[in-house]
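For reference, model.tsv (TSV, C-alpha atoms):
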chain	number	residue	atom	x	y	z
Z	176	MET	CA	12.71	33.45	-1.95
Z	177	ARG	CA	11.92	29.89	-3.01
Z	178	VAL	CA	14.98	27.80	-3.90
Z	179	PRO	CA	14.28	25.84	-7.13
Z	180	ARG	CA	14.66	22.06	-7.26
Z	181	ILE	CA	16.10	20.34	-10.32
Z	182	TYR	CA	16.10	16.61	-11.10
Z	183	LEU	CA	19.19	15.13	-12.77
Z	184	ASP	CA	19.44	11.56	-13.97
Z	185	ALA	CA	23.10	11.38	-12.94
Z	186	ASP	CA	25.48	10.64	-10.11
Z	187	ILE	CA	25.94	13.77	-8.02
Z	188	GLN	CA	28.94	14.38	-5.75
Z	189	ALA	CA	29.56	17.25	-3.35
Z	190	GLY	CA	32.40	19.47	-4.47
Z	191	GLU	CA	32.06	18.90	-8.23
Z	192	LEU	CA	31.06	21.26	-11.02
Z	193	LEU	CA	28.05	20.07	-13.01
Z	194	SER	CA	26.97	21.25	-16.44
Z	195	LEU	CA	23.20	21.04	-16.56
Z	196	PRO	CA	21.35	19.75	-19.66
Z	197	GLN	CA	19.87	22.36	-21.98
Z	198	ALA	CA	16.27	21.80	-20.86
Z	199	GLN	CA	17.07	22.48	-17.20
Z	200	SER	CA	19.45	25.32	-18.11
Z	201	ASN	CA	16.80	27.00	-20.24
Z	202	TYR	CA	14.22	26.64	-17.47
Z	203	LEU	CA	16.50	28.18	-14.85
Z	204	CYS	CA	17.78	31.05	-16.98
Z	205	LYS	CA	14.74	32.01	-19.05
Z	206	ALA	CA	11.74	30.91	-16.99
Z	207	LEU	CA	13.16	31.62	-13.53
Z	208	ARG	CA	15.74	34.24	-14.60
Z	209	MET	CA	18.38	32.70	-12.32
Z	210	GLN	CA	21.76	34.41	-12.22
Z	211	ARG	CA	25.27	33.56	-11.06
Z	212	GLY	CA	25.38	33.06	-7.30
Z	213	ARG	CA	21.79	31.86	-6.95
Z	214	GLU	CA	21.20	28.60	-5.07
Z	215	LEU	CA	19.20	25.55	-6.13
Z	216	TRP	CA	18.64	22.01	-4.98
Z	217	LEU	CA	19.73	19.05	-7.10
Z	218	PHE	CA	18.34	15.53	-6.69
Z	219	ASN	CA	18.62	12.32	-8.70
Z	220	GLY	CA	15.63	10.38	-7.40
Z	221	ARG	CA	17.67	8.07	-5.19
Z	222	GLY	CA	17.09	9.92	-1.94
Z	223	GLY	CA	18.39	13.17	-0.52
Z	224	ALA	CA	19.40	16.36	-2.32
Z	225	TRP	CA	22.45	18.56	-2.83
Z	226	LEU	CA	22.51	22.33	-2.38
Z	227	GLY	CA	24.10	23.88	-5.47
Z	228	GLN	CA	25.14	27.34	-6.56
Z	229	ILE	CA	25.11	28.70	-10.11
Z	230	GLN	CA	28.60	29.55	-11.36
Z	231	ASP	CA	27.69	30.26	-14.99
Z	232	ALA	CA	24.11	31.07	-15.94
Z	233	ASP	CA	23.71	30.06	-19.57
Z	234	SER	CA	20.40	28.97	-21.10
Z	235	LYS	CA	22.18	26.27	-23.11
Z	236	GLN	CA	24.50	24.92	-20.41
Z	237	THR	CA	24.33	26.29	-16.88
Z	238	VAL	CA	27.25	25.33	-14.62
Z	239	VAL	CA	26.54	24.57	-10.97
Z	240	SER	CA	28.94	23.94	-8.08
Z	241	VAL	CA	27.60	21.11	-5.91
Z	242	GLY	CA	27.57	21.76	-2.18
Z	243	GLU	CA	26.57	19.76	0.86
Z	244	PHE	CA	24.23	16.76	0.79
Z	245	ASP	CA	20.98	16.84	2.75
Z	246	GLY	CA	19.59	13.38	3.44
Z	247	LYS	CA	16.29	14.62	4.86
Z	248	SER	CA	13.39	12.56	3.54
Z	249	SER	CA	9.85	13.71	2.78
Z	250	GLU	CA	8.69	10.19	1.87
Z	251	SER	CA	5.56	8.84	3.47
Z	252	PRO	CA	5.98	5.91	5.87
Z	253	LEU	CA	2.98	4.36	4.12
Z	254	LYS	CA	3.67	2.49	0.89
Z	255	ILE	CA	0.93	2.88	-1.70
Z	256	ASP	CA	0.99	1.14	-5.07
Z	257	LEU	CA	-1.58	2.66	-7.43
Z	258	ALA	CA	-2.90	0.50	-10.28
Z	259	ILE	CA	-5.10	2.78	-12.34
Z	260	ALA	CA	-6.87	2.43	-15.67
Z	261	LEU	CA	-5.92	4.74	-18.50
Z	262	SER	CA	-8.33	7.58	-19.19
Z	263	LYS	CA	-8.67	10.09	-22.00
Z	264	GLY	CA	-7.38	13.64	-22.12
Z	265	ASP	CA	-5.35	15.08	-19.29
Z	266	ARG	CA	-7.26	13.29	-16.52
Z	267	PHE	CA	-4.74	10.46	-16.28
Z	268	GLU	CA	-1.89	12.96	-16.16
Z	269	LEU	CA	-3.64	14.86	-13.38
Z	270	VAL	CA	-3.79	11.67	-11.33
Z	271	LEU	CA	-0.08	11.02	-11.92
Z	272	GLN	CA	0.81	14.50	-10.75
Z	273	LYS	CA	-1.43	14.64	-7.68
Z	274	ALA	CA	-0.80	11.04	-6.59
Z	275	THR	CA	2.92	11.84	-6.58
Z	276	GLU	CA	2.31	14.91	-4.45
Z	277	LEU	CA	0.23	12.78	-2.07
Z	278	GLY	CA	3.12	10.33	-1.64
Z	279	VAL	CA	2.40	7.17	-3.62
Z	280	SER	CA	5.43	4.92	-3.97
Z	281	SER	CA	4.59	3.35	-7.36
Z	282	ILE	CA	2.08	3.61	-10.20
Z	283	ARG	CA	0.85	0.87	-12.56
Z	284	PRO	CA	-1.11	1.98	-15.63
Z	285	ILE	CA	-3.63	-0.71	-16.58
Z	286	ILE	CA	-5.94	-1.58	-19.46
Z	287	THR	CA	-9.45	-2.73	-18.58
Z	288	GLU	CA	-12.51	-3.83	-20.55
Z	289	ARG	CA	-13.92	-0.31	-20.49
Z	290	THR	CA	-10.67	1.54	-21.15
Z	291	ASP	CA	-11.25	3.76	-24.18
Z	292	VAL	CA	-7.61	4.56	-25.01
Z	293	LYS	CA	-5.69	2.96	-27.87
Z	294	LEU	CA	-1.89	3.18	-28.06
Z	295	ASN	CA	0.49	1.48	-30.46
Z	296	ALA	CA	4.00	0.55	-29.33
Z	297	GLU	CA	5.60	3.78	-30.52
Z	298	ARG	CA	2.99	6.04	-28.94
Z	299	LEU	CA	3.06	4.01	-25.75
Z	300	GLN	CA	6.82	4.48	-25.42
Z	301	LYS	CA	6.45	8.23	-25.88
Z	302	LYS	CA	3.57	8.31	-23.43
Z	303	HIS	CA	5.56	6.40	-20.83
Z	304	GLU	CA	8.44	8.88	-21.11
Z	305	HIS	CA	5.97	11.76	-20.88
Z	306	TRP	CA	4.30	10.25	-17.81
Z	307	ARG	CA	7.66	9.82	-16.08
Z	308	GLY	CA	8.39	13.46	-16.81
Z	309	ILE	CA	5.17	14.38	-15.01
Z	310	LEU	CA	6.25	12.38	-11.95
Z	311	ILE	CA	9.64	14.10	-11.95
Z	312	SER	CA	8.08	17.56	-12.27
Z	313	ALA	CA	5.72	16.78	-9.40
Z	314	CYS	CA	8.67	15.72	-7.24
Z	315	GLU	CA	10.51	18.93	-8.09
Z	316	GLN	CA	7.46	20.91	-7.02
Z	317	CYS	CA	6.44	19.07	-3.84
Z	318	GLY	CA	9.87	18.37	-2.31
Z	319	ARG	CA	10.12	14.62	-2.82
Z	320	ASN	CA	13.60	13.30	-3.54
Z	321	ILE	CA	12.50	9.81	-4.65
Z	322	VAL	CA	10.53	9.53	-7.88
Z	323	PRO	CA	7.67	6.99	-7.72
Z	324	GLU	CA	8.33	3.89	-9.80
Z	325	LEU	CA	6.32	3.88	-13.01
Z	326	PHE	CA	5.58	0.36	-14.25
Z	327	PRO	CA	4.85	-0.60	-17.86
Z	328	LEU	CA	1.26	-0.64	-19.07
Z	329	VAL	CA	-0.38	-4.04	-18.47
Z	330	SER	CA	-3.82	-5.58	-18.50
Z	331	LEU	CA	-5.89	-5.72	-15.35
Z	332	LYS	CA	-5.41	-9.50	-15.21
Z	333	GLN	CA	-1.63	-9.11	-15.37
Z	334	ALA	CA	-1.75	-6.57	-12.56
Z	335	LEU	CA	-3.98	-8.83	-10.45
Z	336	ASP	CA	-1.58	-11.73	-10.98
Z	337	GLU	CA	1.43	-9.68	-9.86
Z	338	PRO	CA	2.63	-11.10	-6.50
Z	339	SER	CA	2.38	-8.67	-3.60
Z	340	ASP	CA	2.32	-8.75	0.18
Z	341	MET	CA	0.42	-5.46	0.27
Z	342	THR	CA	-3.19	-5.18	1.37
Z	343	ALA	CA	-5.04	-4.97	-1.95
Z	344	ILE	CA	-8.36	-3.19	-2.49
Z	345	PHE	CA	-10.41	-2.16	-5.51
Z	346	LEU	CA	-13.07	0.52	-5.74
Z	347	ASP	CA	-16.56	-0.85	-6.23
Z	348	PRO	CA	-19.60	1.46	-5.80
Z	349	ASN	CA	-21.70	-1.64	-5.09
Z	350	ALA	CA	-19.48	-2.88	-2.26
Z	351	HIS	CA	-21.10	-3.10	1.18
Z	352	GLN	CA	-17.96	-2.08	3.07
Z	353	SER	CA	-16.01	1.15	3.14
Z	354	LEU	CA	-12.38	2.09	3.70
Z	355	SER	CA	-13.13	2.05	7.43
Z	356	VAL	CA	-12.68	-1.75	7.41
Z	357	LEU	CA	-8.97	-1.37	6.60
Z	358	GLU	CA	-6.43	-1.76	9.36
Z	359	GLN	CA	-2.85	-0.63	9.79
Z	360	THR	CA	-0.36	-2.70	7.79
Z	361	ASP	CA	3.42	-2.81	7.65
Z	362	ASN	CA	3.38	-3.64	3.95
Z	363	GLY	CA	1.20	-0.82	2.64
Z	364	PHE	CA	-1.72	-0.86	0.21
Z	365	ARG	CA	-2.23	-1.66	-3.46
Z	366	LEU	CA	-5.16	0.23	-4.98
Z	367	PHE	CA	-7.02	-0.84	-8.11
Z	368	ILE	CA	-8.95	2.02	-9.72
Z	369	GLY	CA	-11.10	1.46	-12.80
Z	370	PRO	CA	-11.90	3.66	-15.80
Z	371	GLU	CA	-14.96	5.78	-16.39
Z	372	GLY	CA	-17.83	3.37	-15.96
Z	373	GLY	CA	-15.83	1.38	-13.43
Z	374	PHE	CA	-14.76	-2.23	-13.57
Z	375	SER	CA	-17.05	-4.67	-15.34
Z	376	VAL	CA	-18.87	-7.39	-13.41
Z	377	HIS	CA	-16.39	-9.92	-14.77
Z	378	GLU	CA	-13.43	-7.81	-13.67
Z	379	ALA	CA	-14.88	-7.32	-10.19
Z	380	GLU	CA	-15.28	-11.09	-9.91
Z	381	MET	CA	-11.66	-11.56	-11.05
Z	382	ALA	CA	-10.50	-9.18	-8.34
Z	383	VAL	CA	-12.50	-10.94	-5.63
Z	384	ASN	CA	-11.21	-14.33	-6.80
Z	385	ALA	CA	-7.69	-12.92	-6.53
Z	386	GLY	CA	-8.34	-12.16	-2.86
Z	387	ILE	CA	-8.79	-8.41	-3.32
Z	388	THR	CA	-11.31	-6.54	-1.19
Z	389	GLY	CA	-13.91	-4.34	-2.86
Z	390	VAL	CA	-14.67	-1.09	-1.03
Z	391	SER	CA	-17.03	1.82	-1.60
Z	392	LEU	CA	-16.27	5.51	-1.13
Z	393	GLY	CA	-19.86	6.34	-0.23
Z	394	PRO	CA	-23.16	7.18	-1.92
Z	395	ARG	CA	-21.72	9.37	-4.69
Z	396	ILE	CA	-19.97	8.13	-7.83
Z	397	LEU	CA	-16.59	9.82	-8.17
Z	398	ARG	CA	-14.86	10.44	-11.47
Z	399	THR	CA	-11.86	8.32	-12.42
Z	400	GLU	CA	-9.50	11.21	-11.63
Z	401	THR	CA	-11.20	12.05	-8.32
Z	402	ALA	CA	-11.53	8.58	-6.79
Z	403	PRO	CA	-7.82	7.66	-6.53
Z	404	LEU	CA	-6.91	11.00	-4.99
Z	405	ALA	CA	-9.71	10.64	-2.44
Z	406	VAL	CA	-8.59	7.12	-1.48
Z	407	ILE	CA	-4.92	8.07	-1.24
Z	408	SER	CA	-5.76	11.10	0.92
Z	409	ILE	CA	-7.85	8.99	3.29
Z	410	LEU	CA	-5.17	6.31	3.61
Z	411	GLN	CA	-2.43	8.88	4.16
Z	412	SER	CA	-4.55	10.59	6.80
Z	413	LYS	CA	-5.30	7.32	8.65
Z	414	PHE	CA	-2.01	5.50	8.27
Z	415	GLY	CA	0.52	7.85	6.67
Z	416	ASP	CA	1.75	11.39	7.17
Z	417	LEU	CA	-1.11	13.72	6.18
Z	418	GLY	CA	-2.17	15.58	9.29
Translate the structure of the given file into structure tokens.
Amino acid sequence: MRVPRIYLDADIQAGELLSLPQAQSNYLCKALRMQRGRELWLFNGRGGAWLGQIQDADSKQTVVSVGEFDGKSSESPLKIDLAIALSKGDRFELVLQKATELGVSSIRPIITERTDVKLNAERLQKKHEHWRGILISACEQCGRNIVPELFPLVSLKQALDEPSDMTAIFLDPNAHQSLSVLEQTDNGFRLFIGPEGGFSVHEAEMAVNAGITGVSLGPRILRTETAPLAVISILQSKFGDLG
């Protein structure tokens, strides 16, 4: 039987009794029908996890006794920073979820010339919280104990100007070189992925002027939610931990 994993934004210590927030309690008791004595894993996104046991199964406030700490890591040895343009509907959220499962270390939402998403400050704050929730849920599902860092929304220019010692690439269907030109690096990769319609000519020139390499994924044009997952999978297969 699968042992559930629950994220808690809190300090966790072996030997203590923890009262879980209502959202997690409701999920365990009503969705999973967990009862007293059942085991679960607790993690706080800082590495490792604690094996817990339910002492009081209550949908409003479940009480868990915290057991031993397991420091085993499922993090990829390859650092990947994903800078991706916002897209409409649930496509952006799909990328957040699947990129987390594939092991990215950080995600930077960006606004580009062809981004067709408008958010005021209030909606952006709510969206950011929602996006982080997606990352957390993906970590609960896939076994990661460190939640990828989610950066604030910025313009493409701001993202290009951000200092980094990573090998930076951007997807360009007109590029004459493919991902095969990339070599192993100790510092990881920063990926720039555009919106539907891709980066504009001006944006591609900005990227090149910033020292970023344009690469093509082949003869077919991939959707904005497909391209990043394809690139991440290839990089993880070549340099990371996907077998």
Contacts of segment 289-334 of chain Z with segment 177-184 of chain Z up to 8 Å, shortest pair per row, all atoms listed in the file, as a tab-separated table:
residue	atom	partner	partner_atom	distance
Z:Ile311	CA	Z:Tyr182	CA	7.0
Z:Glu315	CA	Z:Arg180	CA	5.3
Z:Gln316	CA	Z:Arg180	CA	7.3
Z:Gly318	CA	Z:Arg180	CA	7.8
- Message: Under the rule that all atoms listed in the file are counted, which of Z:Leu226, Z:Leu354, Z:Leu366, Z:Cys204 is the nearest residue to Ile282 of chain Z?
- Response: Z:Leu366
- Item | Straight-line distance linking atom CA of Ile309 of chain Z with atom CA of Arg266 of chain Z, stated in Å to one decimal | 12.6 Å
List the spatial neighbours of segment 295-302 of chain Z as a short mmCIF file (atom, residue, chain, number, x, y, z; two decimals) with C-alpha atoms, keeping the file's coordinate frame - criterion: any atom at most 10 Å away, all atoms listed in the file, same-chain residues fewer than 4 positions off excluded.
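File produced: result39.cif:
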data_model
loop_
_atom_site.label_atom_id
_atom_site.label_comp_id
_atom_site.auth_asym_id
_atom_site.auth_seq_id
_atom_site.Cartn_x
_atom_site.Cartn_y
_atom_site.Cartn_z
CA TRP Z 306 4.30 10.25 -17.81
CA ARG Z 307 7.66 9.82 -16.08
CA GLY Z 308 8.39 13.46 -16.81
CA PRO Z 327 4.85 -0.60 -17.86
CA LEU Z 328 1.26 -0.64 -19.07
#
Box in all listed atoms of segment 270-274 of chain Z, axis-aligned, with 4 Å more on each side; write out centre and edge lengths in Å to one decimal as AutoDock Vina command-line options.
--center_x -1.5 --center_y 12.8 --center_z -9.3 --size_x 12.6 --size_y 11.6 --size_z 13.3
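Take atom CA of Asn362 of chain Z and atom CA of Asp340 of chain Z: the distance between them is 6.4 Å.
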Dump all heavy atoms of segment 229-242 of chain Z from the given block, as a short mmCIF file (atom, residue, chain, number, x, y, z; two decimals), in the first residue's frame.
data_model
loop_
_atom_site.label_atom_id
_atom_site.label_comp_id
_atom_site.auth_asym_id
_atom_site.auth_seq_id
_atom_site.Cartn_x
_atom_site.Cartn_y
_atom_site.Cartn_z
N ILE Z 229 -0.32 8.24 12.23
CA ILE Z 229 -1.52 8.95 12.67
C ILE Z 229 -1.94 8.47 14.06
O ILE Z 229 -2.11 7.27 14.28
CB ILE Z 229 -2.66 8.76 11.66
CG1 ILE Z 229 -2.31 9.45 10.33
CG2 ILE Z 229 -3.97 9.33 12.22
CD1 ILE Z 229 -3.37 9.29 9.27
N GLN Z 230 -2.09 9.42 14.97
CA GLN Z 230 -2.56 9.12 16.32
C GLN Z 230 -4.03 9.48 16.48
O GLN Z 230 -4.74 8.85 17.25
CB GLN Z 230 -1.72 9.90 17.34
CG GLN Z 230 -0.24 9.56 17.32
CD GLN Z 230 0.02 8.09 17.57
OE1 GLN Z 230 -0.52 7.51 18.52
NE2 GLN Z 230 0.86 7.49 16.73
N ASP Z 231 -4.48 10.49 15.77
CA ASP Z 231 -5.88 10.91 15.84
C ASP Z 231 -6.30 11.37 14.45
O ASP Z 231 -5.84 12.40 13.97
CB ASP Z 231 -6.05 12.04 16.86
CG ASP Z 231 -7.51 12.46 17.02
OD1 ASP Z 231 -8.39 11.74 16.50
OD2 ASP Z 231 -7.76 13.50 17.65
N ALA Z 232 -7.15 10.58 13.81
CA ALA Z 232 -7.59 10.89 12.45
C ALA Z 232 -8.83 11.76 12.50
O ALA Z 232 -9.94 11.27 12.76
CB ALA Z 232 -7.86 9.61 11.67
N ASP Z 233 -8.64 13.04 12.28
CA ASP Z 233 -9.74 14.00 12.33
C ASP Z 233 -9.63 14.89 11.10
O ASP Z 233 -8.55 15.45 10.83
CB ASP Z 233 -9.68 14.83 13.61
CG ASP Z 233 -10.89 15.74 13.77
OD1 ASP Z 233 -11.05 16.66 12.94
OD2 ASP Z 233 -11.66 15.55 14.71
N SER Z 234 -10.70 15.05 10.35
CA SER Z 234 -10.65 15.81 9.09
C SER Z 234 -10.37 17.28 9.30
O SER Z 234 -10.00 17.98 8.35
CB SER Z 234 -11.97 15.65 8.32
OG SER Z 234 -13.05 16.14 9.08
N LYS Z 235 -10.52 17.77 10.53
CA LYS Z 235 -10.22 19.16 10.82
C LYS Z 235 -8.82 19.34 11.39
O LYS Z 235 -8.18 20.38 11.17
CB LYS Z 235 -11.25 19.75 11.78
CG LYS Z 235 -12.64 19.88 11.18
CD LYS Z 235 -13.60 20.57 12.14
CE LYS Z 235 -14.98 20.72 11.50
NZ LYS Z 235 -15.93 21.39 12.42
N GLN Z 236 -8.34 18.36 12.13
CA GLN Z 236 -7.00 18.47 12.73
C GLN Z 236 -6.48 17.08 13.08
O GLN Z 236 -6.69 16.58 14.17
CB GLN Z 236 -7.03 19.36 13.97
CG GLN Z 236 -5.64 19.72 14.49
CD GLN Z 236 -5.70 20.64 15.68
OE1 GLN Z 236 -6.09 20.26 16.77
NE2 GLN Z 236 -5.31 21.90 15.47
N THR Z 237 -5.81 16.47 12.13
CA THR Z 237 -5.22 15.16 12.34
C THR Z 237 -3.92 15.30 13.13
O THR Z 237 -3.11 16.19 12.85
CB THR Z 237 -4.95 14.47 10.99
OG1 THR Z 237 -6.20 14.16 10.37
CG2 THR Z 237 -4.15 13.19 11.16
N VAL Z 238 -3.72 14.42 14.10
CA VAL Z 238 -2.51 14.45 14.93
C VAL Z 238 -1.60 13.30 14.50
O VAL Z 238 -2.04 12.15 14.38
CB VAL Z 238 -2.86 14.32 16.43
CG1 VAL Z 238 -1.58 14.28 17.26
CG2 VAL Z 238 -3.74 15.49 16.86
N VAL Z 239 -0.33 13.64 14.28
CA VAL Z 239 0.65 12.67 13.80
C VAL Z 239 1.85 12.64 14.74
O VAL Z 239 2.35 13.70 15.14
CB VAL Z 239 1.12 13.03 12.37
CG1 VAL Z 239 2.22 12.10 11.91
CG2 VAL Z 239 -0.05 13.01 11.40
N SER Z 240 2.31 11.44 15.08
CA SER Z 240 3.56 11.31 15.83
C SER Z 240 4.69 11.19 14.83
O SER Z 240 4.62 10.40 13.88
CB SER Z 240 3.52 10.08 16.75
OG SER Z 240 3.35 8.90 15.99
N VAL Z 241 5.72 12.00 15.01
CA VAL Z 241 6.83 12.06 14.05
C VAL Z 241 7.90 11.05 14.43
O VAL Z 241 8.40 11.05 15.56
CB VAL Z 241 7.44 13.48 14.00
CG1 VAL Z 241 8.56 13.54 12.97
CG2 VAL Z 241 6.36 14.51 13.68
N GLY Z 242 8.24 10.19 13.48
CA GLY Z 242 9.25 9.16 13.72
C GLY Z 242 10.60 9.54 13.14
O GLY Z 242 10.98 10.72 13.10
#
